[in-house]
$ cat structure-v9.pdb   # PDB, C-alpha atoms and all ligand atoms
MODEL        1
ATOM      1  CA  MET E   1     -11.401  -9.308   2.382  1.00  0.00           C
ATOM      2  CA  ILE E   2     -14.171  -9.313   4.987  1.00  0.00           C
ATOM      3  CA  TYR E   3     -12.350 -11.388   7.599  1.00  0.00           C
ATOM      4  CA  GLN E   4      -8.800 -10.809   8.852  1.00  0.00           C
ATOM      5  CA  LEU E   5      -6.447 -12.675  11.137  1.00  0.00           C
ATOM      6  CA  PRO E   6      -6.515 -10.781  14.461  1.00  0.00           C
ATOM      7  CA  GLU E   7      -3.272  -9.779  16.165  1.00  0.00           C
ATOM      8  CA  LEU E   8      -2.581 -11.730  19.335  1.00  0.00           C
ATOM      9  CA  PRO E   9      -3.096  -9.604  22.472  1.00  0.00           C
ATOM     10  CA  TYR E  10       0.370 -10.756  23.723  1.00  0.00           C
ATOM     11  CA  ALA E  11       3.763 -11.749  22.340  1.00  0.00           C
ATOM     12  CA  TYR E  12       4.310 -15.248  20.931  1.00  0.00           C
ATOM     13  CA  ASP E  13       6.557 -16.154  23.871  1.00  0.00           C
ATOM     14  CA  ALA E  14       4.355 -14.498  26.517  1.00  0.00           C
ATOM     15  CA  LEU E  15       2.461 -17.661  27.512  1.00  0.00           C
ATOM     16  CA  GLU E  16       5.623 -19.694  28.225  1.00  0.00           C
ATOM     17  CA  PRO E  17       6.110 -22.115  29.856  1.00  0.00           C
ATOM     18  CA  HIS E  18       2.433 -23.213  29.766  1.00  0.00           C
ATOM     19  CA  TYR E  19       2.099 -22.623  26.037  1.00  0.00           C
ATOM     20  CA  ASP E  20       5.299 -22.746  24.035  1.00  0.00           C
ATOM     21  CA  GLU E  21       6.283 -20.113  21.478  1.00  0.00           C
ATOM     22  CA  GLN E  22       6.745 -22.514  18.563  1.00  0.00           C
ATOM     23  CA  THR E  23       3.274 -24.038  18.918  1.00  0.00           C
ATOM     24  CA  LEU E  24       1.641 -20.654  19.384  1.00  0.00           C
ATOM     25  CA  ARG E  25       3.333 -19.229  16.258  1.00  0.00           C
ATOM     26  CA  LEU E  26       2.165 -22.153  14.100  1.00  0.00           C
ATOM     27  CA  HIS E  27      -1.289 -22.272  15.662  1.00  0.00           C
ATOM     28  CA  HIS E  28      -1.955 -18.569  15.090  1.00  0.00           C
ATOM     29  CA  GLY E  29       0.059 -17.821  11.946  1.00  0.00           C
ATOM     30  CA  ALA E  30      -0.666 -21.014   9.992  1.00  0.00           C
ATOM     31  CA  HIS E  31      -3.745 -22.764  11.382  1.00  0.00           C
ATOM     32  CA  HIS E  32      -5.913 -19.784  12.297  1.00  0.00           C
ATOM     33  CA  LYS E  33      -4.808 -17.963   9.123  1.00  0.00           C
ATOM     34  CA  GLY E  34      -5.979 -20.984   7.130  1.00  0.00           C
ATOM     35  CA  TYR E  35      -9.475 -20.611   8.609  1.00  0.00           C
ATOM     36  CA  VAL E  36      -9.547 -16.893   7.773  1.00  0.00           C
ATOM     37  CA  ASP E  37      -8.458 -17.527   4.177  1.00  0.00           C
ATOM     38  CA  GLY E  38     -10.962 -20.380   3.786  1.00  0.00           C
ATOM     39  CA  LEU E  39     -13.765 -18.272   5.265  1.00  0.00           C
ATOM     40  CA  ASN E  40     -13.112 -15.374   2.863  1.00  0.00           C
ATOM     41  CA  LYS E  41     -13.070 -17.811  -0.038  1.00  0.00           C
ATOM     42  CA  ALA E  42     -16.394 -19.394   1.004  1.00  0.00           C
ATOM     43  CA  VAL E  43     -18.020 -15.965   1.403  1.00  0.00           C
ATOM     44  CA  ALA E  44     -16.810 -14.955  -2.087  1.00  0.00           C
ATOM     45  CA  LYS E  45     -17.985 -18.217  -3.666  1.00  0.00           C
ATOM     46  CA  LEU E  46     -21.447 -17.856  -2.089  1.00  0.00           C
ATOM     47  CA  ALA E  47     -21.701 -14.276  -3.367  1.00  0.00           C
ATOM     48  CA  ARG E  48     -20.728 -15.586  -6.805  1.00  0.00           C
ATOM     49  CA  ALA E  49     -23.449 -18.258  -6.583  1.00  0.00           C
ATOM     50  CA  ARG E  50     -26.082 -15.573  -5.924  1.00  0.00           C
ATOM     51  CA  GLU E  51     -24.786 -13.375  -8.770  1.00  0.00           C
ATOM     52  CA  THR E  52     -24.819 -16.222 -11.275  1.00  0.00           C
ATOM     53  CA  ASP E  53     -27.922 -17.916  -9.815  1.00  0.00           C
ATOM     54  CA  ASP E  54     -25.903 -21.142  -9.822  1.00  0.00           C
ATOM     55  CA  TYR E  55     -26.408 -23.194  -6.648  1.00  0.00           C
ATOM     56  CA  ALA E  56     -24.936 -26.456  -7.938  1.00  0.00           C
ATOM     57  CA  LEU E  57     -22.171 -26.390  -5.293  1.00  0.00           C
ATOM     58  CA  ILE E  58     -24.258 -24.863  -2.488  1.00  0.00           C
ATOM     59  CA  LYS E  59     -23.762 -27.813  -0.112  1.00  0.00           C
ATOM     60  CA  HIS E  60     -19.995 -27.676  -0.471  1.00  0.00           C
ATOM     61  CA  TRP E  61     -19.671 -23.920   0.097  1.00  0.00           C
ATOM     62  CA  GLU E  62     -22.103 -23.903   3.033  1.00  0.00           C
ATOM     63  CA  ARG E  63     -19.936 -26.624   4.616  1.00  0.00           C
ATOM     64  CA  GLU E  64     -16.825 -24.554   3.944  1.00  0.00           C
ATOM     65  CA  LEU E  65     -18.507 -21.475   5.458  1.00  0.00           C
ATOM     66  CA  ALA E  66     -19.339 -23.397   8.632  1.00  0.00           C
ATOM     67  CA  PHE E  67     -15.952 -25.143   8.907  1.00  0.00           C
ATOM     68  CA  HIS E  68     -13.821 -22.035   8.430  1.00  0.00           C
ATOM     69  CA  GLY E  69     -16.288 -19.659  10.100  1.00  0.00           C
ATOM     70  CA  ALA E  70     -16.502 -21.769  13.246  1.00  0.00           C
ATOM     71  CA  GLY E  71     -12.727 -22.199  13.243  1.00  0.00           C
ATOM     72  CA  HIS E  72     -12.192 -18.459  12.952  1.00  0.00           C
ATOM     73  CA  VAL E  73     -14.665 -17.516  15.703  1.00  0.00           C
ATOM     74  CA  LEU E  74     -13.461 -20.161  18.158  1.00  0.00           C
ATOM     75  CA  HIS E  75      -9.783 -19.268  17.675  1.00  0.00           C
ATOM     76  CA  CYS E  76     -10.531 -15.554  18.207  1.00  0.00           C
ATOM     77  CA  LEU E  77     -12.194 -16.487  21.515  1.00  0.00           C
ATOM     78  CA  PHE E  78      -9.376 -18.891  22.420  1.00  0.00           C
ATOM     79  CA  TRP E  79      -6.673 -16.202  22.054  1.00  0.00           C
ATOM     80  CA  GLU E  80      -8.721 -13.632  23.972  1.00  0.00           C
ATOM     81  CA  ASN E  81      -9.441 -16.156  26.731  1.00  0.00           C
ATOM     82  CA  MET E  82      -5.748 -16.469  27.622  1.00  0.00           C
ATOM     83  CA  THR E  83      -3.326 -14.007  29.248  1.00  0.00           C
ATOM     84  CA  PRO E  84       0.180 -14.245  30.712  1.00  0.00           C
ATOM     85  CA  GLN E  85      -1.365 -13.096  34.033  1.00  0.00           C
ATOM     86  CA  GLY E  86      -4.087 -15.760  33.933  1.00  0.00           C
ATOM     87  CA  GLY E  87      -5.282 -18.545  36.201  1.00  0.00           C
ATOM     88  CA  GLY E  88      -6.868 -18.476  39.622  1.00  0.00           C
ATOM     89  CA  GLU E  89     -10.631 -18.223  39.997  1.00  0.00           C
ATOM     90  CA  PRO E  90     -13.226 -15.821  38.569  1.00  0.00           C
ATOM     91  CA  GLN E  91     -14.696 -13.011  40.666  1.00  0.00           C
ATOM     92  CA  GLY E  92     -17.981 -11.146  40.861  1.00  0.00           C
ATOM     93  CA  ALA E  93     -20.935 -11.911  38.610  1.00  0.00           C
ATOM     94  CA  LEU E  94     -19.200 -14.759  36.767  1.00  0.00           C
ATOM     95  CA  ALA E  95     -18.254 -16.462  40.033  1.00  0.00           C
ATOM     96  CA  GLN E  96     -21.866 -16.143  41.258  1.00  0.00           C
ATOM     97  CA  GLN E  97     -23.316 -17.520  38.025  1.00  0.00           C
ATOM     98  CA  ILE E  98     -20.905 -20.486  38.070  1.00  0.00           C
ATOM     99  CA  ALA E  99     -21.818 -21.241  41.683  1.00  0.00           C
ATOM    100  CA  LYS E 100     -25.550 -21.019  40.849  1.00  0.00           C
ATOM    101  CA  ASP E 101     -25.398 -23.212  37.733  1.00  0.00           C
ATOM    102  CA  PHE E 102     -22.711 -25.767  38.679  1.00  0.00           C
ATOM    103  CA  GLY E 103     -22.775 -25.806  42.485  1.00  0.00           C
ATOM    104  CA  SER E 104     -19.198 -24.601  42.954  1.00  0.00           C
ATOM    105  CA  PHE E 105     -16.102 -23.563  41.019  1.00  0.00           C
ATOM    106  CA  THR E 106     -14.511 -26.924  41.861  1.00  0.00           C
ATOM    107  CA  ALA E 107     -17.467 -28.827  40.406  1.00  0.00           C
ATOM    108  CA  PHE E 108     -17.479 -26.584  37.325  1.00  0.00           C
ATOM    109  CA  LYS E 109     -13.752 -27.132  36.747  1.00  0.00           C
ATOM    110  CA  LYS E 110     -14.086 -30.919  37.090  1.00  0.00           C
ATOM    111  CA  HIS E 111     -17.116 -31.028  34.786  1.00  0.00           C
ATOM    112  CA  PHE E 112     -15.420 -28.822  32.149  1.00  0.00           C
ATOM    113  CA  SER E 113     -12.157 -30.792  32.234  1.00  0.00           C
ATOM    114  CA  ALA E 114     -13.921 -34.179  32.050  1.00  0.00           C
ATOM    115  CA  ALA E 115     -16.165 -33.115  29.182  1.00  0.00           C
ATOM    116  CA  THR E 116     -13.272 -31.598  27.233  1.00  0.00           C
ATOM    117  CA  ALA E 117     -10.997 -34.607  27.753  1.00  0.00           C
ATOM    118  CA  ALA E 118     -13.776 -36.883  26.468  1.00  0.00           C
ATOM    119  CA  VAL E 119     -14.189 -35.111  23.100  1.00  0.00           C
ATOM    120  CA  GLU E 120     -13.796 -37.730  20.367  1.00  0.00           C
ATOM    121  CA  GLY E 121     -11.034 -36.726  17.986  1.00  0.00           C
ATOM    122  CA  SER E 122     -10.541 -33.024  17.279  1.00  0.00           C
ATOM    123  CA  GLY E 123     -12.741 -30.530  19.045  1.00  0.00           C
ATOM    124  CA  TRP E 124     -13.345 -28.044  21.801  1.00  0.00           C
ATOM    125  CA  GLY E 125     -14.608 -27.657  25.343  1.00  0.00           C
ATOM    126  CA  ILE E 126     -16.916 -24.645  25.555  1.00  0.00           C
ATOM    127  CA  LEU E 127     -18.513 -22.689  28.387  1.00  0.00           C
ATOM    128  CA  ALA E 128     -21.577 -21.021  26.898  1.00  0.00           C
ATOM    129  CA  PHE E 129     -24.426 -18.792  28.027  1.00  0.00           C
ATOM    130  CA  ASN E 130     -27.865 -20.015  27.031  1.00  0.00           C
ATOM    131  CA  PRO E 131     -30.043 -16.914  26.520  1.00  0.00           C
ATOM    132  CA  HIS E 132     -33.238 -19.017  26.547  1.00  0.00           C
ATOM    133  CA  SER E 133     -32.684 -20.075  30.158  1.00  0.00           C
ATOM    134  CA  SER E 134     -30.111 -17.466  31.282  1.00  0.00           C
ATOM    135  CA  GLN E 135     -27.960 -20.425  32.360  1.00  0.00           C
ATOM    136  CA  LEU E 136     -24.350 -21.333  31.768  1.00  0.00           C
ATOM    137  CA  GLU E 137     -23.841 -24.597  29.885  1.00  0.00           C
ATOM    138  CA  ILE E 138     -20.752 -26.713  29.295  1.00  0.00           C
ATOM    139  CA  MET E 139     -20.750 -27.879  25.701  1.00  0.00           C
ATOM    140  CA  THR E 140     -18.382 -29.973  23.655  1.00  0.00           C
ATOM    141  CA  ALA E 141     -17.874 -29.757  19.923  1.00  0.00           C
ATOM    142  CA  GLU E 142     -16.491 -32.643  17.903  1.00  0.00           C
ATOM    143  CA  LYS E 143     -14.583 -31.097  15.034  1.00  0.00           C
ATOM    144  CA  HIS E 144     -16.193 -27.670  15.334  1.00  0.00           C
ATOM    145  CA  GLN E 145     -18.268 -26.966  12.322  1.00  0.00           C
ATOM    146  CA  ASP E 146     -21.138 -29.406  11.856  1.00  0.00           C
ATOM    147  CA  LEU E 147     -22.678 -26.805   9.606  1.00  0.00           C
ATOM    148  CA  SER E 148     -22.873 -24.025  12.141  1.00  0.00           C
ATOM    149  CA  ILE E 149     -20.719 -21.215  13.453  1.00  0.00           C
ATOM    150  CA  TRP E 150     -20.411 -20.894  17.239  1.00  0.00           C
ATOM    151  CA  GLY E 151     -21.480 -17.463  18.411  1.00  0.00           C
ATOM    152  CA  VAL E 152     -23.946 -16.660  15.683  1.00  0.00           C
ATOM    153  CA  THR E 153     -27.469 -15.688  16.790  1.00  0.00           C
ATOM    154  CA  PRO E 154     -30.244 -17.408  14.822  1.00  0.00           C
ATOM    155  CA  LEU E 155     -32.800 -14.947  13.419  1.00  0.00           C
ATOM    156  CA  LEU E 156     -34.992 -17.071  11.136  1.00  0.00           C
ATOM    157  CA  VAL E 157     -35.223 -20.858  11.137  1.00  0.00           C
ATOM    158  CA  CYS E 158     -37.060 -23.381   8.995  1.00  0.00           C
ATOM    159  CA  ASP E 159     -37.637 -26.846  10.490  1.00  0.00           C
ATOM    160  CA  VAL E 160     -36.892 -29.565   7.933  1.00  0.00           C
ATOM    161  CA  TRP E 161     -37.050 -32.543  10.279  1.00  0.00           C
ATOM    162  CA  GLU E 162     -39.572 -34.904   8.695  1.00  0.00           C
ATOM    163  CA  HIS E 163     -42.027 -34.472  11.618  1.00  0.00           C
ATOM    164  CA  ALA E 164     -42.399 -30.840  10.552  1.00  0.00           C
ATOM    165  CA  TYR E 165     -43.883 -31.567   7.127  1.00  0.00           C
ATOM    166  CA  TYR E 166     -44.263 -35.238   6.336  1.00  0.00           C
ATOM    167  CA  LEU E 167     -48.013 -35.656   6.918  1.00  0.00           C
ATOM    168  CA  LYS E 168     -48.836 -33.071   4.271  1.00  0.00           C
ATOM    169  CA  TYR E 169     -45.771 -32.909   2.048  1.00  0.00           C
ATOM    170  CA  GLN E 170     -44.318 -36.453   2.428  1.00  0.00           C
ATOM    171  CA  ASN E 171     -40.911 -36.551   0.716  1.00  0.00           C
ATOM    172  CA  ARG E 172     -41.406 -33.196  -1.034  1.00  0.00           C
ATOM    173  CA  ARG E 173     -39.254 -31.092   1.279  1.00  0.00           C
ATOM    174  CA  PRO E 174     -38.760 -28.291  -1.309  1.00  0.00           C
ATOM    175  CA  ALA E 175     -42.562 -27.881  -1.492  1.00  0.00           C
ATOM    176  CA  TRP E 176     -42.739 -27.423   2.296  1.00  0.00           C
ATOM    177  CA  ILE E 177     -39.904 -24.847   2.148  1.00  0.00           C
ATOM    178  CA  GLU E 178     -41.731 -22.972  -0.615  1.00  0.00           C
ATOM    179  CA  ALA E 179     -44.951 -22.959   1.464  1.00  0.00           C
ATOM    180  CA  TRP E 180     -43.073 -21.828   4.581  1.00  0.00           C
ATOM    181  CA  TRP E 181     -42.049 -18.562   2.879  1.00  0.00           C
ATOM    182  CA  ASN E 182     -45.751 -17.561   3.029  1.00  0.00           C
ATOM    183  CA  LEU E 183     -45.750 -17.759   6.822  1.00  0.00           C
ATOM    184  CA  ILE E 184     -42.779 -15.677   7.903  1.00  0.00           C
ATOM    185  CA  ASN E 185     -43.279 -12.908  10.456  1.00  0.00           C
ATOM    186  CA  TRP E 186     -40.718 -10.419   9.113  1.00  0.00           C
ATOM    187  CA  ARG E 187     -41.421  -7.985  11.970  1.00  0.00           C
ATOM    188  CA  ASP E 188     -40.221 -10.666  14.378  1.00  0.00           C
ATOM    189  CA  VAL E 189     -37.081 -11.333  12.338  1.00  0.00           C
ATOM    190  CA  GLU E 190     -36.436  -7.584  12.233  1.00  0.00           C
ATOM    191  CA  LYS E 191     -36.809  -7.379  16.030  1.00  0.00           C
ATOM    192  CA  LYS E 192     -34.406 -10.274  16.529  1.00  0.00           C
ATOM    193  CA  LEU E 193     -31.849  -8.632  14.216  1.00  0.00           C
ATOM    194  CA  ALA E 194     -32.076  -5.382  16.211  1.00  0.00           C
ATOM    195  CA  GLN E 195     -31.548  -7.287  19.473  1.00  0.00           C
ATOM    196  CA  ALA E 196     -28.644  -9.321  18.100  1.00  0.00           C
ATOM    197  CA  SER E 197     -26.816  -6.414  16.486  1.00  0.00           C
ATOM    198  CA  ASN E 198     -27.225  -4.278  19.612  1.00  0.00           C
ATOM    199  CA  VAL E 199     -25.005  -6.373  21.865  1.00  0.00           C
TER     200      VAL E 199
HETATM  201 MN   MN3 R 201      -6.689 -24.707  16.752  1.00  0.00          MN
ENDMDL
END
$ encode --input "structure-v9.pdb" --output "structure tokens" --more "lines below"
Ligand code: MN3
Amino acid sequence: MIYQLPELPYAYDALEPHYDEQTLRLHHGAHHKGYVDGLNKAVAKLARARETDDYALIKHWERELAFHGAGHVLHCLFWENMTPQGGGEPQGALAQQIAKDFGSFTAFKKHFSAATAAVEGSGWGILAFNPHSSQLEIMTAEKHQDLSIWGVTPLLVCDVWEHAYYLKYQNRRPAWIEAWWNLINWRDVEKKLAQASNV
């Protein structure tokens, strides 16, 4: 199996009284484990699709990959983000970046709490670094998958919004995708892979 449930970096009762042992045991041992199992299954099914050249269920397994993959990544971060000795305020470079991007720690905390409380249904509040602007951003995720995995770095993208192809290809999206393969700068993709796998 490619993916495994990580050990918690503390005991199940170590976050009491803020986070109770019973919830933490279920959350890690049942819920997070379910994402890991589902992710391994999706990866295996997609490998099988390539082997058999059978993409009839591609939409389903890509959804499963995103749902379980995002769940796995976010829970790994969630466990690592907590410690029995936690709380207080950040120091150093993080404190400076928060002050620069949000005005103050107090404003950041209010913004993050308000955004997270306002998530519709199941979801997450997320502090993220945007490498395109070198800025911190507060994001919310409803559910968590929506066909992507948080934390992945895009290397190669094909725009299939209608504005990208409709004048020439109209409703023939597969024809645009086929044409797009003739345009790819593989040296650029290679460079982006080197950058992403270096961090
Ligand atoms: Mn959870």
$ residues_near_ligand --input "structure-v9.pdb" --ligand "ligand MN3 201 (chain R)" --cutoff "7 Å" --atoms "all atoms listed in the file" --output "PyMOL selection string"
chain E and resi 27+31-32+75
$ residues_around --input "structure-v9.pdb" --residues "Tyr10 in chain E" --least-positions-apart "3" --cutoff "10 Å" --atoms "all atoms listed in the file" --output "JSON, numbers by chain"
{"E": [7, 13, 14, 15, 79, 80, 82, 83, 84]}
$ residues_around --input "structure-v9.pdb" --residues "Gln195 in chain E" --least-positions-apart "5" --cutoff "10 Å" --atoms "only C-alpha atoms" --output "mmCIF file with C-alpha atoms, keeping the file's coordinate frame"
data_model
loop_
_atom_site.group_PDB
_atom_site.id
_atom_site.type_symbol
_atom_site.label_atom_id
_atom_site.label_comp_id
_atom_site.auth_asym_id
_atom_site.auth_seq_id
_atom_site.Cartn_x
_atom_site.Cartn_y
_atom_site.Cartn_z
ATOM 1 C CA THR E 153 -27.469 -15.688 16.790
ATOM 2 C CA LEU E 155 -32.800 -14.947 13.419
ATOM 3 C CA VAL E 189 -37.081 -11.333 12.338
ATOM 4 C CA GLU E 190 -36.436 -7.584 12.233
#
$ residues_around --input "structure-v9.pdb" --residues "Ala118 in chain E" --least-positions-apart "5" --cutoff "12 Å" --atoms "only C-alpha atoms" --output "count of residues only"
10
$ residues_around --input "structure-v9.pdb" --residues "range 158-170 of chain E" --least-positions-apart "4" --cutoff "12 Å" --atoms "all atoms listed in the file" --output "ChimeraX atom specification"
/E:154,174-181,183-184
$ atom_distance --input "structure-v9.pdb" --atom1 "CA of Val152 in chain E" --atom2 "CA of Glu64 in chain E"
15.8 Å
$ atom_distance --input "structure-v9.pdb" --atom1 "CA of Glu21 in chain E" --atom2 "CA of Asp37 in chain E"
22.9 Å
$ axis_aligned_box --input "structure-v9.pdb" --around "range 96-100 of chain E" --padding-each-side "4 Å" --output "AutoDock Vina command-line options"
--center_x -23.2 --center_y -18.7 --center_z 39.9 --size_x 12.6 --size_y 13.1 --size_z 11.7
$ atom_distance --input "structure-v9.pdb" --atom1 "CA of Ser148 in chain E" --atom2 "CA of Arg63 in chain E"
8.5 Å
$ closest_residue --input "structure-v9.pdb" --among "E:Ile58, E:Leu147, E:Ala11, E:Leu127" --to "Leu46 in chain E" --atoms "only C-alpha atoms"
E:Ile58
$ closest_residue --input "structure-v9.pdb" --among "E:His72, E:Lys143, E:Leu8, E:Ile138" --to "Arg25 in chain E" --atoms "only C-alpha atoms"
E:Leu8
$ resolve_selection --input "structure-v9.pdb" --expression "the PyMOL selection byres (((chain E and resi 42) around 12) and not hetatm)" --output "PyMOL selection string"
chain E and resi 1-3+35-41+43-49+57-69
$ closest_residue --input "structure-v9.pdb" --among "E:Glu16, E:Asp188, E:Glu137, E:Glu51" --to "Val157 in chain E" --atoms "all atoms listed in the file"
E:Asp188
